[in-house]
$ cat run.csv   # CSV, C-alpha atoms
chain,number,residue,atom,x,y,z
A,1,MET,CA,-10.8,-1.2,-21.9
A,2,PRO,CA,-9.0,-3.3,-19.3
A,3,LEU,CA,-8.5,-1.8,-15.8
A,4,LEU,CA,-4.7,-2.0,-16.1
A,5,ASP,CA,-2.5,-1.1,-19.1
A,6,THR,CA,-1.7,-4.6,-20.3
A,7,ARG,CA,0.9,-3.2,-22.7
A,8,VAL,CA,3.2,-2.5,-19.6
A,9,PRO,CA,4.7,-5.6,-18.0
A,10,ALA,CA,5.7,-6.0,-14.4
A,11,VAL,CA,8.9,-7.3,-12.9
A,12,LEU,CA,8.9,-8.6,-9.3
A,13,LEU,CA,12.3,-8.6,-7.6
A,14,ARG,CA,13.0,-10.7,-4.5
A,15,ILE,CA,16.6,-11.3,-3.2
A,16,ASP,CA,15.7,-13.3,-0.2
A,17,ARG,CA,15.9,-17.1,-0.7
A,18,ASN,CA,12.5,-18.1,0.7
A,19,PRO,CA,10.4,-20.6,-1.3
A,20,PHE,CA,7.4,-20.0,1.0
A,21,HIS,CA,7.0,-16.3,0.3
A,22,HIS,CA,3.3,-16.2,-0.5
A,23,GLY,CA,3.4,-12.4,-1.0
A,24,THR,CA,5.2,-13.0,-4.3
A,25,LEU,CA,2.6,-15.4,-5.4
A,26,GLY,CA,-0.1,-12.9,-4.5
A,27,ALA,CA,1.5,-10.2,-6.6
A,28,VAL,CA,1.9,-12.6,-9.5
A,29,ARG,CA,-1.8,-13.5,-9.4
A,30,SER,CA,-3.1,-10.0,-8.9
A,31,LEU,CA,-1.3,-8.6,-11.9
A,32,GLY,CA,-1.6,-11.7,-14.1
A,33,ARG,CA,-5.4,-11.9,-13.6
A,34,ALA,CA,-5.6,-8.3,-14.9
A,35,GLY,CA,-3.8,-9.4,-18.1
A,36,VAL,CA,-0.4,-7.9,-17.2
A,37,GLU,CA,2.7,-9.9,-18.3
A,38,VAL,CA,4.6,-10.8,-15.1
A,39,HIS,CA,8.3,-11.6,-14.8
A,40,VAL,CA,9.8,-12.8,-11.5
A,41,VAL,CA,13.4,-12.2,-10.5
A,42,ALA,CA,13.9,-14.6,-7.6
A,43,ASP,CA,15.3,-18.0,-6.6
A,44,SER,CA,13.2,-20.6,-8.3
A,45,THR,CA,14.6,-23.6,-6.6
A,46,GLY,CA,11.6,-25.5,-5.4
A,47,SER,CA,9.4,-22.4,-5.3
A,48,PRO,CA,5.7,-23.0,-5.8
A,49,VAL,CA,5.5,-19.6,-7.5
A,50,THR,CA,7.1,-21.1,-10.6
A,51,ARG,CA,4.1,-23.2,-11.0
A,52,SER,CA,1.7,-20.3,-11.4
A,53,ARG,CA,0.1,-20.0,-14.8
A,54,PHE,CA,0.3,-16.2,-14.4
A,55,VAL,CA,4.2,-16.2,-14.5
A,56,ARG,CA,5.5,-15.3,-17.9
A,57,GLU,CA,9.1,-16.0,-17.1
A,58,MET,CA,11.4,-16.6,-14.1
A,59,HIS,CA,14.8,-14.9,-14.1
A,60,PRO,CA,17.9,-15.8,-12.0
A,61,PRO,CA,18.2,-13.5,-9.0
A,62,PRO,CA,21.3,-11.6,-7.8
A,63,PRO,CA,23.7,-13.6,-5.6
A,64,PRO,CA,23.2,-13.4,-1.8
A,65,GLY,CA,24.9,-10.3,-0.5
A,66,ALA,CA,25.0,-8.6,-3.9
A,67,SER,CA,25.7,-4.9,-3.9
A,68,PRO,CA,23.1,-2.5,-5.3
A,69,ARG,CA,25.2,-2.1,-8.5
A,70,GLU,CA,25.3,-5.9,-9.0
A,71,ILE,CA,21.5,-6.0,-8.5
A,72,ALA,CA,21.2,-3.2,-11.1
A,73,VAL,CA,23.3,-5.3,-13.6
A,74,VAL,CA,20.8,-8.2,-13.2
A,75,LEU,CA,17.8,-5.9,-13.6
A,76,ARG,CA,19.3,-4.4,-16.8
A,77,ARG,CA,19.7,-7.9,-18.2
A,78,VAL,CA,16.1,-8.6,-17.4
A,79,ALA,CA,15.0,-5.3,-19.0
A,80,ALA,CA,16.8,-6.2,-22.2
A,81,ARG,CA,14.9,-9.5,-22.3
A,82,VAL,CA,11.6,-7.8,-21.6
A,83,ALA,CA,12.4,-5.2,-24.2
A,84,ARG,CA,10.1,-2.5,-23.0
A,85,PRO,CA,9.7,-0.3,-19.9
A,86,ALA,CA,8.1,-2.3,-17.0
A,87,VAL,CA,6.8,-1.6,-13.5
A,88,LEU,CA,9.4,-2.8,-11.0
A,89,ILE,CA,8.1,-4.1,-7.7
A,90,PRO,CA,10.6,-5.0,-4.9
A,91,MET,CA,9.2,-7.8,-2.7
A,92,ASP,CA,11.6,-7.6,0.2
A,93,ASP,CA,13.5,-4.9,2.1
A,94,ALA,CA,16.9,-5.7,0.6
A,95,SER,CA,15.4,-5.3,-2.9
A,96,ALA,CA,13.6,-2.1,-2.0
A,97,VAL,CA,16.7,-0.5,-0.5
A,98,ALA,CA,18.8,-1.5,-3.5
A,99,VAL,CA,16.3,-0.2,-6.0
A,100,SER,CA,16.0,3.1,-4.2
A,101,ARG,CA,19.8,3.6,-4.3
A,102,MET,CA,19.9,2.8,-8.1
A,103,ARG,CA,16.7,4.6,-9.1
A,104,GLU,CA,18.2,7.0,-11.6
A,105,GLU,CA,20.2,4.2,-13.3
A,106,LEU,CA,17.1,2.0,-13.5
A,107,ALA,CA,14.7,4.7,-14.6
A,108,PRO,CA,15.1,4.3,-18.4
A,109,SER,CA,14.0,0.7,-18.2
A,110,TYR,CA,11.7,0.6,-15.2
A,111,LEU,CA,8.7,2.7,-14.0
A,112,LEU,CA,9.2,3.6,-10.3
A,113,PRO,CA,7.5,5.8,-7.7
A,114,ALA,CA,9.1,9.2,-7.2
A,115,THR,CA,10.1,8.5,-3.6
A,116,PRO,CA,13.1,10.4,-2.4
A,117,GLY,CA,16.0,8.0,-3.0
A,118,ALA,CA,17.2,7.7,0.6
A,119,LEU,CA,13.7,7.4,2.2
A,120,PRO,CA,13.1,3.6,1.7
A,121,GLU,CA,16.5,2.8,3.3
A,122,ARG,CA,15.8,5.3,6.1
A,123,VAL,CA,12.5,3.8,7.2
A,124,ALA,CA,13.6,0.2,6.7
A,125,ASP,CA,16.6,0.8,8.9
A,126,LYS,CA,15.4,0.3,12.5
A,127,SER,CA,17.5,3.1,13.9
A,128,GLY,CA,16.4,5.4,11.2
A,129,LEU,CA,12.8,4.5,11.9
A,130,ALA,CA,13.2,5.4,15.6
A,131,LEU,CA,14.4,8.9,14.6
A,132,VAL,CA,11.6,9.3,12.0
A,133,CYS,CA,8.9,8.4,14.6
A,134,THR,CA,10.4,10.9,17.1
A,135,SER,CA,10.5,13.6,14.5
A,136,ALA,CA,6.9,12.9,13.4
A,137,GLY,CA,5.5,12.4,16.8
A,138,ILE,CA,4.5,8.8,16.1
A,139,PRO,CA,4.5,6.5,19.1
A,140,HIS,CA,7.4,4.1,19.0
A,141,PRO,CA,8.9,1.8,21.7
A,142,VAL,CA,11.6,3.5,23.8
A,143,THR,CA,14.9,2.7,22.0
A,144,VAL,CA,18.5,2.6,23.1
A,145,ILE,CA,21.5,2.3,20.6
A,146,PRO,CA,24.4,1.2,22.8
A,147,ASP,CA,28.0,2.0,21.8
A,148,SER,CA,29.7,-0.4,24.2
A,149,PRO,CA,29.0,-3.8,25.8
A,150,ALA,CA,28.5,-2.0,29.2
A,151,GLN,CA,25.8,0.3,27.7
A,152,ALA,CA,24.1,-2.7,26.2
A,153,ALA,CA,24.0,-4.4,29.6
A,154,GLY,CA,22.9,-1.2,31.3
A,155,ALA,CA,19.9,-0.9,29.0
A,156,ALA,CA,18.3,-3.7,30.9
A,157,ARG,CA,18.0,-1.4,33.9
A,158,ARG,CA,16.5,1.5,31.8
A,159,LEU,CA,14.2,-0.6,29.7
A,160,GLY,CA,13.4,-3.5,32.0
A,161,LEU,CA,13.4,-7.2,31.2
A,162,PRO,CA,12.6,-8.8,28.9
A,163,MET,CA,13.6,-6.3,26.2
A,164,VAL,CA,13.7,-6.5,22.4
A,165,ALA,CA,17.1,-6.5,20.6
A,166,LYS,CA,17.1,-5.7,16.8
A,167,TRP,CA,19.8,-5.3,14.2
A,168,SER,CA,19.4,-2.0,12.5
A,169,ARG,CA,19.6,-3.4,9.0
A,170,PRO,CA,18.3,-6.9,9.2
A,171,TRP,CA,18.8,-7.6,5.5
A,172,GLN,CA,22.6,-7.4,6.2
A,173,VAL,CA,22.6,-10.2,8.7
A,174,PRO,CA,24.6,-13.0,7.1
A,175,PRO,CA,22.8,-16.3,6.4
A,176,GLY,CA,24.0,-19.2,8.5
A,177,SER,CA,25.4,-16.9,11.3
A,178,GLY,CA,22.9,-18.0,13.8
A,179,LEU,CA,21.9,-14.4,14.3
A,180,HIS,CA,18.3,-13.4,14.1
A,181,SER,CA,16.9,-10.0,13.0
A,182,THR,CA,15.1,-9.6,16.3
A,183,VAL,CA,15.3,-11.4,19.6
A,184,LEU,CA,13.7,-11.1,23.0
A,185,VAL,CA,16.5,-10.9,25.6
A,186,ARG,CA,16.0,-11.8,29.2
A,187,SER,CA,19.3,-10.7,30.9
A,188,ALA,CA,21.9,-8.0,30.7
A,189,GLN,CA,24.5,-10.6,29.9
A,190,GLN,CA,22.5,-11.6,26.7
A,191,ALA,CA,22.4,-8.0,25.6
A,192,ARG,CA,26.2,-7.7,26.2
A,193,GLU,CA,26.9,-10.8,24.1
A,194,LEU,CA,24.7,-9.6,21.3
A,195,TYR,CA,26.6,-6.3,21.2
A,196,LEU,CA,29.9,-8.2,20.8
A,197,ARG,CA,28.6,-9.6,17.5
A,198,THR,CA,27.8,-6.2,16.0
A,199,GLU,CA,30.6,-6.4,13.4
A,200,GLU,CA,29.4,-9.9,12.3
A,201,ALA,CA,25.8,-8.7,12.0
A,202,GLY,CA,26.7,-5.8,9.7
A,203,SER,CA,24.7,-3.1,11.4
A,204,PRO,CA,24.3,-1.5,14.9
A,205,LEU,CA,22.3,-3.2,17.7
A,206,LEU,CA,19.1,-1.6,19.0
A,207,LEU,CA,17.5,-2.3,22.3
A,208,GLN,CA,13.8,-1.5,22.8
A,209,ALA,CA,11.2,-1.6,25.5
A,210,TYR,CA,9.1,-4.7,25.1
A,211,LEU,CA,5.4,-4.2,24.5
A,212,PRO,CA,3.7,-7.5,25.4
A,213,PRO,CA,1.3,-9.0,22.8
A,214,GLY,CA,-2.3,-9.6,23.7
A,215,PRO,CA,-5.8,-9.8,22.3
A,216,ASP,CA,-6.6,-6.9,19.9
A,217,ARG,CA,-3.1,-5.5,20.2
A,218,ASP,CA,-1.3,-6.4,16.9
A,219,TRP,CA,-2.3,-4.4,13.9
A,220,PHE,CA,-1.0,-3.7,10.4
A,221,PHE,CA,-1.7,-1.2,7.7
A,222,HIS,CA,-1.0,-1.8,4.0
A,223,GLY,CA,-1.3,1.1,1.6
A,224,TYR,CA,-0.1,2.7,-1.6
A,225,ALA,CA,0.9,6.4,-1.6
A,226,ASP,CA,0.3,7.8,-5.1
A,227,HIS,CA,2.2,10.6,-6.9
A,228,SER,CA,0.5,13.2,-4.8
A,229,CYS,CA,1.3,11.3,-1.5
A,230,ALA,CA,-2.3,10.4,-1.0
A,231,VAL,CA,-2.9,7.0,0.5
A,232,ARG,CA,-4.9,4.8,-1.9
A,233,ALA,CA,-5.9,1.2,-1.7
A,234,GLY,CA,-5.1,-1.0,1.3
A,235,GLY,CA,-6.4,-0.5,4.8
A,236,PRO,CA,-6.0,-1.5,8.5
A,237,GLY,CA,-6.0,-5.1,9.6
A,238,ARG,CA,-5.9,-7.0,12.8
A,239,LYS,CA,-3.6,-10.0,13.4
A,240,GLN,CA,-5.8,-12.7,14.7
A,241,ARG,CA,-3.2,-15.5,14.7
A,242,ALA,CA,0.6,-15.5,14.2
A,243,TRP,CA,3.3,-18.1,13.9
A,244,PRO,CA,5.3,-18.1,16.1
A,245,ARG,CA,2.6,-17.0,18.5
A,246,GLY,CA,2.8,-13.4,19.7
A,247,ALA,CA,5.6,-12.3,17.4
A,248,GLY,CA,5.5,-13.9,14.0
A,249,LEU,CA,4.0,-14.1,10.6
A,250,THR,CA,0.3,-13.2,10.2
A,251,VAL,CA,-1.3,-16.5,9.5
A,252,VAL,CA,-4.9,-15.3,10.1
A,253,GLY,CA,-5.7,-11.6,9.6
A,254,ARG,CA,-8.9,-9.7,9.2
A,255,TRP,CA,-9.7,-6.4,7.5
A,256,THR,CA,-10.9,-4.3,10.4
A,257,ASP,CA,-11.7,-0.6,10.5
A,258,ASN,CA,-9.4,1.3,12.8
A,259,PRO,CA,-9.4,5.1,12.4
A,260,GLN,CA,-6.5,5.6,14.8
A,261,VAL,CA,-4.2,3.2,12.8
A,262,ARG,CA,-5.3,4.8,9.5
A,263,ALA,CA,-4.7,8.3,10.8
A,264,LEU,CA,-1.2,7.4,12.0
A,265,ALA,CA,-0.3,5.7,8.6
A,266,GLU,CA,-1.6,8.7,6.6
A,267,ARG,CA,0.1,11.3,8.8
A,268,LEU,CA,3.5,9.5,8.7
A,269,THR,CA,3.6,8.9,5.0
A,270,GLY,CA,2.3,12.4,4.3
A,271,GLU,CA,5.0,14.1,6.5
A,272,LEU,CA,7.7,12.0,4.9
A,273,GLY,CA,6.6,12.6,1.3
A,274,TYR,CA,6.6,8.8,0.8
A,275,ARG,CA,5.4,7.5,-2.5
A,276,GLY,CA,4.9,3.8,-3.3
A,277,ILE,CA,3.7,0.6,-1.5
A,278,PHE,CA,4.2,0.3,2.2
A,279,ASP,CA,3.5,-2.1,5.0
A,280,LEU,CA,3.3,-0.9,8.6
A,281,ASP,CA,3.2,-3.0,11.8
A,282,PHE,CA,1.7,-1.6,15.0
A,283,ARG,CA,1.3,-2.9,18.5
A,284,ARG,CA,-1.2,-1.3,21.0
A,285,CYS,CA,0.2,-0.7,24.4
A,286,GLY,CA,-2.0,-2.4,27.0
A,287,THR,CA,-1.3,0.3,29.6
A,288,THR,CA,-1.8,3.5,27.6
A,289,GLY,CA,-3.8,2.3,24.6
A,290,ARG,CA,-1.5,4.0,22.2
A,291,TYR,CA,-0.5,2.4,18.9
A,292,HIS,CA,3.3,2.1,18.6
A,293,LEU,CA,4.9,1.7,15.1
A,294,LEU,CA,7.2,-1.3,15.2
A,295,ASP,CA,8.1,-1.7,11.5
A,296,PHE,CA,7.9,0.3,8.2
A,297,ASN,CA,8.5,-2.0,5.2
A,298,PRO,CA,8.8,0.0,2.0
A,299,ARG,CA,7.3,-2.8,-0.2
A,300,PRO,CA,4.2,-5.0,-0.2
A,301,GLY,CA,3.4,-7.0,2.9
A,302,ALA,CA,2.9,-10.7,2.5
A,303,GLN,CA,-0.8,-10.5,3.2
A,304,PHE,CA,-1.5,-7.5,1.0
A,305,ARG,CA,-4.2,-9.4,-1.0
A,306,LEU,CA,-6.4,-9.2,2.1
A,307,PHE,CA,-7.1,-5.6,1.2
A,308,THR,CA,-8.9,-6.1,-2.2
A,309,ASP,CA,-11.9,-3.7,-2.5
A,310,THR,CA,-15.1,-4.2,-4.5
A,311,THR,CA,-13.3,-3.1,-7.8
A,312,GLY,CA,-10.5,-5.6,-7.4
A,313,LEU,CA,-8.0,-2.9,-6.4
A,314,ASP,CA,-5.1,-3.8,-4.1
A,315,VAL,CA,-1.8,-2.0,-3.5
A,316,VAL,CA,0.0,-3.8,-6.3
A,317,ARG,CA,-2.6,-2.9,-8.9
A,318,ALA,CA,-2.7,0.7,-7.5
A,319,LEU,CA,1.0,1.0,-8.1
A,320,HIS,CA,0.7,-0.2,-11.7
A,321,LEU,CA,-2.3,2.0,-12.5
A,322,ASP,CA,-0.6,5.1,-11.0
A,323,LEU,CA,2.7,4.6,-12.8
A,324,THR,CA,1.0,4.1,-16.1
A,325,ASN,CA,-1.1,7.2,-15.6
A,326,ARG,CA,-4.4,5.5,-15.3
A,327,GLN,CA,-7.1,6.5,-12.9
A,328,LEU,CA,-7.5,4.4,-9.8
A,329,PRO,CA,-11.1,3.1,-9.4
A,330,VAL,CA,-13.1,4.0,-6.3
A,331,GLY,CA,-14.5,0.9,-4.6
A,332,GLU,CA,-15.9,0.0,-1.3
A,333,PRO,CA,-13.7,-1.6,1.5
A,334,GLN,CA,-14.5,-5.2,2.2
A,335,GLU,CA,-14.2,-5.0,5.9
A,336,GLY,CA,-14.5,-8.4,7.7
A,337,ARG,CA,-12.6,-10.1,4.9
A,338,THR,CA,-10.1,-12.7,6.1
A,339,PHE,CA,-6.6,-13.8,5.0
A,340,VAL,CA,-5.3,-17.3,5.9
A,341,VAL,CA,-1.9,-18.9,5.3
A,342,GLU,CA,-3.2,-22.4,5.1
A,343,ASN,CA,0.0,-24.3,5.8
A,344,TYR,CA,0.2,-22.6,9.2
A,345,ALA,CA,-3.6,-22.5,9.9
A,346,PRO,CA,-5.2,-25.4,8.0
A,347,LEU,CA,-8.3,-25.5,10.1
A,348,ALA,CA,-8.9,-21.7,9.7
A,349,ALA,CA,-8.7,-22.3,5.9
A,350,LEU,CA,-11.7,-24.7,6.2
A,351,ARG,CA,-14.0,-22.7,8.4
A,352,PRO,CA,-16.8,-20.7,6.7
A,353,VAL,CA,-16.2,-16.9,6.6
A,354,PRO,CA,-19.3,-14.7,6.0
A,355,ARG,CA,-17.4,-11.7,4.5
A,356,GLY,CA,-15.0,-13.7,2.3
A,357,ARG,CA,-11.6,-15.1,2.5
A,358,GLU,CA,-8.3,-15.0,0.6
A,359,LEU,CA,-6.0,-18.0,0.9
A,360,ALA,CA,-2.3,-17.5,0.6
A,361,TRP,CA,-1.7,-20.5,-1.7
A,362,HIS,CA,-4.8,-22.1,-3.0
A,363,ALA,CA,-6.8,-20.5,-5.8
A,364,PRO,CA,-9.4,-22.2,-8.1
A,365,ASP,CA,-8.1,-20.5,-11.2
A,366,ASP,CA,-4.4,-21.3,-10.3
A,367,PRO,CA,-4.3,-24.6,-8.4
A,368,ALA,CA,-0.7,-25.7,-9.2
A,369,PRO,CA,1.1,-23.5,-6.7
A,370,GLY,CA,-1.1,-24.8,-3.9
A,371,ARG,CA,-0.4,-28.4,-4.7
A,372,ALA,CA,3.4,-27.6,-5.0
A,373,MET,CA,3.4,-25.8,-1.7
A,374,TRP,CA,1.9,-28.8,0.2
A,375,ALA,CA,4.5,-31.2,-1.3
A,376,LEU,CA,7.3,-28.8,-0.5
A,377,TRP,CA,5.9,-28.1,3.0
A,378,CYS,CA,5.7,-31.8,3.9
A,379,ARG,CA,9.3,-32.3,2.9
A,380,HIS,CA,10.3,-29.2,4.8
A,381,VAL,CA,8.5,-30.3,8.0
A,382,SER,CA,10.0,-33.8,7.8
A,383,ARG,CA,13.5,-32.5,7.3
A,384,ARG,CA,13.2,-30.2,10.3
A,385,LEU,CA,11.8,-33.0,12.5
A,386,ARG,CA,14.7,-35.3,11.5
A,387,GLU,CA,17.2,-32.5,12.3
A,388,ARG,CA,15.7,-31.9,15.7
A,389,LEU,CA,15.7,-35.6,16.5
A,390,ARG,CA,19.3,-36.0,15.5
A,391,ALA,CA,20.3,-33.0,17.5
A,392,ALA,CA,18.4,-34.3,20.6
A,393,ALA,CA,20.1,-37.7,20.2
A,394,THR,CA,23.6,-36.4,19.9
A,395,ALA,CA,23.4,-33.5,22.5
A,396,PRO,CA,25.3,-34.1,25.7
A,397,ALA,CA,23.1,-34.3,28.9
A,398,PRO,CA,23.0,-30.9,30.5
A,399,THR,CA,24.7,-30.6,33.8
A,400,ARG,CA,23.2,-27.2,34.8
A,401,VAL,CA,21.4,-24.3,33.3
A,402,VAL,CA,23.7,-21.4,32.8
A,403,ARG,CA,21.0,-18.8,31.6
A,404,GLN,CA,17.9,-18.7,29.4
A,405,ALA,CA,18.5,-18.4,25.7
A,406,ALA,CA,17.3,-15.4,23.8
A,407,THR,CA,14.0,-15.9,22.0
A,408,PRO,CA,14.1,-15.1,18.3
A,409,ILE,CA,11.4,-13.0,16.9
A,410,PRO,CA,11.6,-13.7,13.1
A,411,THR,CA,11.4,-11.2,10.3
A,412,ASP,CA,9.1,-11.8,7.3
A,413,GLU,CA,12.0,-13.5,5.5
A,414,GLU,CA,12.8,-15.7,8.5
A,415,LYS,CA,9.2,-16.4,9.4
A,416,ALA,CA,8.1,-18.5,6.5
A,417,SER,CA,11.1,-20.8,6.7
A,418,SER,CA,10.5,-21.6,10.3
A,419,CYS,CA,8.5,-24.5,11.5

$ encode --input "run.csv" --output "structure tokens"
Amino acid sequence: MPLLDTRVPAVLLRIDRNPFHHGTLGAVRSLGRAGVEVHVVADSTGSPVTRSRFVREMHPPPPPGASPREIAVVLRRVAARVARPAVLIPMDDASAVAVSRMREELAPSYLLPATPGALPERVADKSGLALVCTSAGIPHPVTVIPDSPAQAAGAARRLGLPMVAKWSRPWQVPPGSGLHSTVLVRSAQQARELYLRTEEAGSPLLLQAYLPPGPDRDWFFHGYADHSCAVRAGGPGRKQRAWPRGAGLTVVGRWTDNPQVRALAERLTGELGYRGIFDLDFRRCGTTGRYHLLDFNPRPGAQFRLFTDTTGLDVVRALHLDLTNRQLPVGEPQEGRTFVVENYAPLAALRPVPRGRELAWHAPDDPAPGRAMWALWCRHVSRRLRERLRAAATAPAPTRVVRQAATPIPTDEEKASSC
């Protein structure tokens, strides 16, 4: 008997328009290799994911800025084509929030974890997460939610500079606005100016104390909380390299045992009654040594395939097994295993790794997406270089420096489209 119930298909939903989202490809391969029929609802324009031999069918996604009800209409259309109940897996925060809001309406066609409906939105919302951490006693950076430009500027005195500015609901930031989900601000005036764009951003501004990055400080935990809220699959990982450095996408990560991070993850999800896949980001304070929770993503993290145990179980397979009432196998962790995003860290992808390695794009049994990624990546890098050269050639010569610009700290959705 196969490990997974191959009679039950899976539908992956991603609203974000990001052709370099390797987490989607990881989910396609994980389920497809187990014999599950995989459907993908996402923008297919130029995406290497469309080249995977494990994709049964690509479906048009909801339009940008679609409401949860519009997303549900798209998912019902896909369900009619699939023609039998399927496991639904949101692959970005916007999808996870929309699905949680429409859970009862989608339930006849899709299998979903029994997470309380408002919980995914509560933890994905940065202001909600700050309250959750306070209530649960989980370390979290000191956070101020200003209600005026003066309070935003005054936060610089309370929190110190630089400080981190975040929009509470980053998935609502309009594309093309020039606004970033998270930025490092270096003056009170920058904080004031960001606050004045609150209406445009679509959610409140948060200002947080900055925890500097450093060796052995950035950690993540990927897991699956089953129907009893027990954390299964996944594990703690250490971010060894990021792009951009210090605040970006994990381009080299290693499965590393960390009892403190595991205990925090299990305590938080248990107290919340959370069920489903989750991805947590932590940063260790260099002064106190405490691990502060920075993000709670109620969906698979892009590097979830790092945490594949000796039975082949990962968080996506755990979800499918649990929702189809199959027993999850008990395997051994493969600590020391490494995950590499090869377009950002090509040399790391070539070095020998004693405990095994998972590449984001290349796979011997599914080579076409890797080839497509390199072709697309070369065009992407060339275009960005041309844009920067044109901008440099046409920009007027600066007469004086007014102030230092805010430094963007990209989200998962922004990270892979940066260069």

$ residues_around --input "run.csv" --residues "A:Thr269" --least-positions-apart "3" --cutoff "12 Å" --atoms "all atoms listed in the file" --output "ChimeraX atom specification"
/A:115,119-120,123,132-133,136,138,221-226,228-232,262-266,272-280,296-298

$ atom_distance --input "run.csv" --atom1 "atom CA of A:Ala79" --atom2 "atom CA of A:Ser109"
6.1 Å

$ closest_atom_pairs --input "run.csv" --of "stretch 4-110 of chain A" --to "stretch 158-172 of chain A" --cutoff "8 Å" --atoms "only C-alpha atoms" --output "CSV"
residue,atom,partner,partner_atom,distance
A:Gly65,CA,A:Gln172,CA,7.7
A:Asp93,CA,A:Trp171,CA,6.9
A:Ala94,CA,A:Trp171,CA,5.6

$ residues_around --input "run.csv" --residues "A:Tyr110" --least-positions-apart "2" --cutoff "8 Å" --atoms "all atoms listed in the file" --output "PDB file with C-alpha atoms, in the coordinates of the input"
ATOM      1  CA  ALA A  79      15.000  -5.300 -19.000  1.00  0.00           C
ATOM      2  CA  PRO A  85       9.700  -0.300 -19.900  1.00  0.00           C
ATOM      3  CA  ALA A  86       8.100  -2.300 -17.000  1.00  0.00           C
ATOM      4  CA  VAL A  87       6.800  -1.600 -13.500  1.00  0.00           C
ATOM      5  CA  LEU A  88       9.400  -2.800 -11.000  1.00  0.00           C
ATOM      6  CA  LEU A 106      17.100   2.000 -13.500  1.00  0.00           C
ATOM      7  CA  ALA A 107      14.700   4.700 -14.600  1.00  0.00           C
ATOM      8  CA  PRO A 108      15.100   4.300 -18.400  1.00  0.00           C
ATOM      9  CA  LEU A 112       9.200   3.600 -10.300  1.00  0.00           C
TER      10      LEU A 112
END

$ closest_residue --input "run.csv" --among "A:Val252, A:Ala242, A:Leu323, A:Ala10" --to "A:Thr338" --atoms "only C-alpha atoms"
A:Val252

$ atom_distance --input "run.csv" --atom1 "atom CA of A:Glu335" --atom2 "atom CA of A:Phe307"
8.5 Å
